[in-house]
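The structure file run00.pdb is reproduced below (PDB, N, CA and C atoms).
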```pdb
ATOM      1  N   MET A   1      10.494 -10.584  15.624
ATOM      2  CA  MET A   1       9.595  -9.467  15.401
ATOM      3  C   MET A   1       8.176  -9.953  15.121
ATOM      4  N   LEU A   2       8.064 -10.994  14.304
ATOM      5  CA  LEU A   2       6.745 -11.521  13.970
ATOM      6  C   LEU A   2       6.056 -12.093  15.201
ATOM      7  N   ASN A   3       6.826 -12.705  16.105
ATOM      8  CA  ASN A   3       6.239 -13.255  17.321
ATOM      9  C   ASN A   3       5.657 -12.158  18.203
ATOM     10  N   ILE A   4       6.311 -11.004  18.222
ATOM     11  CA  ILE A   4       5.811  -9.885  19.026
ATOM     12  C   ILE A   4       4.479  -9.396  18.458
ATOM     13  N   ILE A   5       4.383  -9.331  17.148
ATOM     14  CA  ILE A   5       3.147  -8.889  16.505
ATOM     15  C   ILE A   5       2.022  -9.879  16.775
ATOM     16  N   LYS A   6       2.323 -11.176  16.679
ATOM     17  CA  LYS A   6       1.314 -12.205  16.968
ATOM     18  C   LYS A   6       0.840 -12.108  18.415
ATOM     19  N   PHE A   7       1.772 -11.908  19.332
ATOM     20  CA  PHE A   7       1.429 -11.805  20.747
ATOM     21  C   PHE A   7       0.547 -10.590  20.997
ATOM     22  N   ALA A   8       0.896  -9.457  20.397
ATOM     23  CA  ALA A   8       0.098  -8.238  20.567
ATOM     24  C   ALA A   8      -1.302  -8.414  19.976
ATOM     25  N   ALA A   9      -1.394  -9.096  18.836
ATOM     26  CA  ALA A   9      -2.697  -9.337  18.221
ATOM     27  C   ALA A   9      -3.563 -10.223  19.106
ATOM     28  N   LYS A  10      -2.964 -11.252  19.689
ATOM     29  CA  LYS A  10      -3.726 -12.138  20.584
ATOM     30  C   LYS A  10      -4.248 -11.371  21.797
ATOM     31  N   LEU A  11      -3.398 -10.527  22.371
ATOM     32  CA  LEU A  11      -3.825  -9.736  23.523
ATOM     33  C   LEU A  11      -4.938  -8.764  23.138
ATOM     34  N   ALA A  12      -4.812  -8.134  21.983
ATOM     35  CA  ALA A  12      -5.827  -7.178  21.544
ATOM     36  C   ALA A  12      -7.165  -7.854  21.298
ATOM     37  N   LEU A  13      -7.141  -9.049  20.733
ATOM     38  CA  LEU A  13      -8.391  -9.740  20.432
ATOM     39  C   LEU A  13      -9.082 -10.295  21.671
ATOM     40  N   GLN A  14      -8.372 -10.400  22.767
ATOM     41  CA  GLN A  14      -8.992 -10.882  23.998
ATOM     42  C   GLN A  14      -9.805  -9.789  24.681
ATOM     43  N   ASN A  15      -9.518  -8.534  24.391
ATOM     44  CA  ASN A  15     -10.213  -7.413  25.000
ATOM     45  C   ASN A  15     -11.411  -7.028  24.130
ATOM     46  N   PRO A  16     -12.631  -7.096  24.654
ATOM     47  CA  PRO A  16     -13.820  -6.808  23.848
ATOM     48  C   PRO A  16     -13.877  -5.369  23.305
ATOM     49  N   LYS A  17     -13.423  -4.387  24.086
ATOM     50  CA  LYS A  17     -13.448  -2.998  23.621
ATOM     51  C   LYS A  17     -12.473  -2.802  22.461
ATOM     52  N   VAL A  18     -11.318  -3.390  22.574
ATOM     53  CA  VAL A  18     -10.322  -3.284  21.508
ATOM     54  C   VAL A  18     -10.824  -4.006  20.263
ATOM     55  N   ARG A  19     -11.467  -5.147  20.463
ATOM     56  CA  ARG A  19     -12.014  -5.920  19.350
ATOM     57  C   ARG A  19     -13.055  -5.102  18.580
ATOM     58  N   GLU A  20     -13.914  -4.379  19.287
ATOM     59  CA  GLU A  20     -14.915  -3.526  18.633
ATOM     60  C   GLU A  20     -14.245  -2.394  17.854
ATOM     61  N   GLY A  21     -13.195  -1.820  18.435
ATOM     62  CA  GLY A  21     -12.465  -0.764  17.743
ATOM     63  C   GLY A  21     -11.810  -1.272  16.470
ATOM     64  N   ILE A  22     -11.233  -2.449  16.545
ATOM     65  CA  ILE A  22     -10.608  -3.066  15.371
ATOM     66  C   ILE A  22     -11.663  -3.334  14.306
ATOM     67  N   LYS A  23     -12.825  -3.803  14.731
ATOM     68  CA  LYS A  23     -13.915  -4.102  13.798
ATOM     69  C   LYS A  23     -14.343  -2.839  13.049
ATOM     70  N   LYS A  24     -14.473  -1.725  13.768
ATOM     71  CA  LYS A  24     -14.869  -0.467  13.133
ATOM     72  C   LYS A  24     -13.836  -0.016  12.105
ATOM     73  N   VAL A  25     -12.565  -0.136  12.451
ATOM     74  CA  VAL A  25     -11.495   0.276  11.539
ATOM     75  C   VAL A  25     -11.480  -0.602  10.295
ATOM     76  N   VAL A  26     -11.658  -1.900  10.474
ATOM     77  CA  VAL A  26     -11.643  -2.831   9.341
ATOM     78  C   VAL A  26     -12.820  -2.565   8.401
ATOM     79  N   VAL A  27     -13.993  -2.350   8.958
ATOM     80  CA  VAL A  27     -15.179  -2.088   8.127
ATOM     81  C   VAL A  27     -15.002  -0.787   7.351
ATOM     82  N   LYS A  28     -14.517   0.243   8.016
ATOM     83  CA  LYS A  28     -14.300   1.530   7.359
ATOM     84  C   LYS A  28     -13.256   1.410   6.251
ATOM     85  N   SER A  29     -12.178   0.683   6.514
ATOM     86  CA  SER A  29     -11.133   0.487   5.513
ATOM     87  C   SER A  29     -11.648  -0.309   4.323
ATOM     88  N   PHE A  30     -12.451  -1.333   4.595
ATOM     89  CA  PHE A  30     -12.995  -2.155   3.519
ATOM     90  C   PHE A  30     -13.920  -1.342   2.621
ATOM     91  N   LYS A  31     -14.774  -0.521   3.222
ATOM     92  CA  LYS A  31     -15.697   0.301   2.437
ATOM     93  C   LYS A  31     -14.943   1.282   1.547
ATOM     94  N   LYS A  32     -13.826   1.785   2.055
ATOM     95  CA  LYS A  32     -13.031   2.739   1.284
ATOM     96  C   LYS A  32     -12.261   2.045   0.160
ATOM     97  N   ALA A  33     -11.787   0.844   0.401
ATOM     98  CA  ALA A  33     -10.941   0.140  -0.571
ATOM     99  C   ALA A  33     -11.738  -0.660  -1.594
ATOM    100  N   LYS A  34     -12.972  -1.005  -1.301
ATOM    101  CA  LYS A  34     -13.759  -1.871  -2.176
ATOM    102  C   LYS A  34     -13.885  -1.341  -3.606
ATOM    103  N   PRO A  35     -14.223  -0.062  -3.835
ATOM    104  CA  PRO A  35     -14.327   0.413  -5.219
ATOM    105  C   PRO A  35     -12.990   0.409  -5.950
ATOM    106  N   ILE A  36     -11.913   0.654  -5.249
ATOM    107  CA  ILE A  36     -10.584   0.659  -5.864
ATOM    108  C   ILE A  36     -10.198  -0.748  -6.291
ATOM    109  N   VAL A  37     -10.459  -1.712  -5.431
ATOM    110  CA  VAL A  37     -10.156  -3.107  -5.749
ATOM    111  C   VAL A  37     -11.009  -3.577  -6.921
ATOM    112  N   LYS A  38     -12.286  -3.219  -6.909
ATOM    113  CA  LYS A  38     -13.186  -3.608  -8.006
ATOM    114  C   LYS A  38     -12.700  -3.021  -9.328
ATOM    115  N   LYS A  39     -12.302  -1.764  -9.304
ATOM    116  CA  LYS A  39     -11.792  -1.106 -10.506
ATOM    117  C   LYS A  39     -10.561  -1.838 -11.040
ATOM    118  N   ASN A  40      -9.622  -2.164 -10.165
ATOM    119  CA  ASN A  40      -8.407  -2.851 -10.587
ATOM    120  C   ASN A  40      -8.699  -4.236 -11.146
ATOM    121  N   ILE A  41      -9.645  -4.947 -10.556
ATOM    122  CA  ILE A  41     -10.003  -6.277 -11.051
ATOM    123  C   ILE A  41     -10.654  -6.176 -12.427
ATOM    124  N   ASP A  42     -11.559  -5.201 -12.601
ATOM    125  CA  ASP A  42     -12.207  -5.013 -13.902
ATOM    126  C   ASP A  42     -11.192  -4.679 -14.986
ATOM    127  N   VAL A  43     -10.256  -3.794 -14.679
ATOM    128  CA  VAL A  43      -9.238  -3.404 -15.653
ATOM    129  C   VAL A  43      -8.318  -4.581 -15.961
ATOM    130  N   ALA A  44      -7.960  -5.369 -14.947
ATOM    131  CA  ALA A  44      -7.095  -6.528 -15.169
ATOM    132  C   ALA A  44      -7.784  -7.567 -16.055
ATOM    133  N   LYS A  45      -9.078  -7.786 -15.845
ATOM    134  CA  LYS A  45      -9.825  -8.731 -16.680
ATOM    135  C   LYS A  45      -9.882  -8.258 -18.125
ATOM    136  N   LYS A  46     -10.183  -6.973 -18.293
ATOM    137  CA  LYS A  46     -10.272  -6.411 -19.636
ATOM    138  C   LYS A  46      -8.917  -6.491 -20.349
ATOM    139  N   THR A  47      -7.870  -6.178 -19.644
ATOM    140  CA  THR A  47      -6.533  -6.197 -20.225
ATOM    141  C   THR A  47      -6.091  -7.618 -20.542
ATOM    142  N   SER A  48      -6.419  -8.569 -19.690
ATOM    143  CA  SER A  48      -6.018  -9.953 -19.952
ATOM    144  C   SER A  48      -6.742 -10.531 -21.159
ATOM    145  N   ASN A  49      -7.934 -10.006 -21.463
ATOM    146  CA  ASN A  49      -8.629 -10.428 -22.679
ATOM    147  C   ASN A  49      -7.944  -9.868 -23.921
ATOM    148  N   GLN A  50      -7.301  -8.720 -23.778
ATOM    149  CA  GLN A  50      -6.622  -8.089 -24.902
ATOM    150  C   GLN A  50      -5.195  -8.616 -25.081
ATOM    151  N   GLU A  51      -4.496  -8.806 -23.965
ATOM    152  CA  GLU A  51      -3.073  -9.160 -24.005
ATOM    153  C   GLU A  51      -2.788 -10.171 -22.896
ATOM    154  N   SER A  52      -2.067 -11.226 -23.213
ATOM    155  CA  SER A  52      -1.774 -12.256 -22.219
ATOM    156  C   SER A  52      -0.608 -11.818 -21.321
ATOM    157  N   PRO A  53      -0.815 -11.861 -20.004
ATOM    158  CA  PRO A  53       0.283 -11.485 -19.110
ATOM    159  C   PRO A  53       1.393 -12.541 -19.065
ATOM    160  N   PHE A  54       1.081 -13.759 -19.473
ATOM    161  CA  PHE A  54       2.074 -14.833 -19.425
ATOM    162  C   PHE A  54       3.002 -14.816 -20.633
ATOM    163  N   LYS A  55       2.485 -14.385 -21.764
ATOM    164  CA  LYS A  55       3.309 -14.378 -22.974
ATOM    165  C   LYS A  55       4.233 -13.166 -23.018
ATOM    166  N   ASN A  56       3.673 -11.979 -22.765
ATOM    167  CA  ASN A  56       4.473 -10.767 -22.839
ATOM    168  C   ASN A  56       4.020  -9.825 -21.724
ATOM    169  N   PHE A  57       4.704  -9.904 -20.594
ATOM    170  CA  PHE A  57       4.281  -9.145 -19.420
ATOM    171  C   PHE A  57       4.466  -7.645 -19.610
ATOM    172  N   LYS A  58       5.511  -7.232 -20.312
ATOM    173  CA  LYS A  58       5.761  -5.793 -20.484
ATOM    174  C   LYS A  58       4.640  -5.130 -21.279
ATOM    175  N   SER A  59       4.198  -5.771 -22.346
ATOM    176  CA  SER A  59       3.103  -5.186 -23.127
ATOM    177  C   SER A  59       1.791  -5.230 -22.337
ATOM    178  N   PHE A  60       1.607  -6.271 -21.527
ATOM    179  CA  PHE A  60       0.425  -6.353 -20.660
ATOM    180  C   PHE A  60       0.422  -5.192 -19.669
ATOM    181  N   LYS A  61       1.577  -4.934 -19.082
ATOM    182  CA  LYS A  61       1.691  -3.856 -18.099
ATOM    183  C   LYS A  61       1.396  -2.496 -18.740
ATOM    184  N   LYS A  62       1.912  -2.295 -19.928
ATOM    185  CA  LYS A  62       1.681  -1.038 -20.645
ATOM    186  C   LYS A  62       0.189  -0.873 -20.966
ATOM    187  N   LYS A  63      -0.421  -1.930 -21.471
ATOM    188  CA  LYS A  63      -1.843  -1.906 -21.816
ATOM    189  C   LYS A  63      -2.700  -1.719 -20.562
ATOM    190  N   TYR A  64      -2.291  -2.346 -19.447
ATOM    191  CA  TYR A  64      -3.014  -2.217 -18.176
ATOM    192  C   TYR A  64      -3.026  -0.761 -17.726
ATOM    193  N   ARG A  65      -1.886  -0.089 -17.800
ATOM    194  CA  ARG A  65      -1.819   1.315 -17.394
ATOM    195  C   ARG A  65      -2.704   2.191 -18.276
ATOM    196  N   GLU A  66      -2.719   1.913 -19.577
ATOM    197  CA  GLU A  66      -3.582   2.667 -20.490
ATOM    198  C   GLU A  66      -5.051   2.455 -20.141
ATOM    199  N   ASN A  67      -5.430   1.203 -19.912
ATOM    200  CA  ASN A  67      -6.824   0.896 -19.571
ATOM    201  C   ASN A  67      -7.216   1.492 -18.225
ATOM    202  N   LEU A  68      -6.274   1.549 -17.297
ATOM    203  CA  LEU A  68      -6.551   2.112 -15.975
ATOM    204  C   LEU A  68      -6.807   3.625 -16.077
ATOM    205  N   LYS A  69      -6.044   4.286 -16.945
ATOM    206  CA  LYS A  69      -6.260   5.730 -17.142
ATOM    207  C   LYS A  69      -7.594   6.009 -17.818
ATOM    208  N   ASN A  70      -7.993   5.125 -18.742
ATOM    209  CA  ASN A  70      -9.211   5.335 -19.520
ATOM    210  C   ASN A  70     -10.437   4.653 -18.912
ATOM    211  N   TYR A  71     -10.344   4.198 -17.693
ATOM    212  CA  TYR A  71     -11.454   3.478 -17.051
ATOM    213  C   TYR A  71     -12.612   4.447 -16.787
ATOM    214  N   ASP A  72     -13.814   4.030 -17.170
ATOM    215  CA  ASP A  72     -15.012   4.861 -16.932
ATOM    216  C   ASP A  72     -15.859   4.279 -15.861
TER     217      ASP A  72
END
```
Just dump the structure as structure tokens.
Amino acid sequence: MLNIIKFAAKLALQNPKVREGIKKVVVKSFKKAKPIVKKNIDVAKKTSNQESPFKNFKSFKKKYRENLKNYD
């Protein structure tokens, strides 16, 4: 299955029109996802300063969810 996907990707990238279409989709997706990713990284940093994910992951997860809800 993975070989079929690789083959299709290679064929798509050889076609300039398809390549431009892929580029537009990727840029649009990145612009939409960038604020969400930034928010998650900020909350993860803040939470890791409060609670260590390596020592007690369950409490880290709980604190992360609280911080994510209260993110401004």
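Each of A:Lys58, A:Asn40, A:Lys28, A:Ser48 was compared to Tyr71 (chain A) using only C-alpha atoms, and A:Asn40 turns out to be the nearest.
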All file atoms of region 53-56 of chain A boxed axis-aligned, 6 Å per side, centre plus edges, as JSON:
```
{"center_x": 1.8, "center_y": -12.3, "center_z": -21.0, "size_x": 17.3, "size_y": 17.0, "size_z": 16.0}
```
Dig up all the protein and nucleic acid residues within 7 Å of (-11.9, 2.1, -11.7) in the file frame, using only N, CA and C atoms, and format them as a list in words. Pro35, Ile36, Lys38, Lys39, Asn40, Val43, Leu68, Tyr71 and Asp72 of chain A
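Of note, atom N of Ala44 (chain A) and atom C of Val27 (chain A) are spaced 23.8 Å apart.
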What does the structure give for the distance between CA of Glu20 (chain A) and CA of Ala8 (chain A), in Å to one decimal? 15.9 Å
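Atom pair CA of Asn49 (chain A) / CA of Lys63 (chain A): separated by 10.9 Å.
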Best match for closeness to Ile22 (chain A) among A:Thr47, A:Tyr64, A:Ala9, A:Lys69, counting only C-alpha atoms: A:Ala9
What residues in chain A get the DSSP label helix (DSSP H, G or I)? Please answer as number ranges by chain. A: 2-14, 16-50, 57-69
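With only C-alpha atoms as the atoms that count, the residue of A:Met1, A:Val37, A:Gly21, A:Lys46 with the shortest distance to Arg65 (chain A) is A:Lys46.
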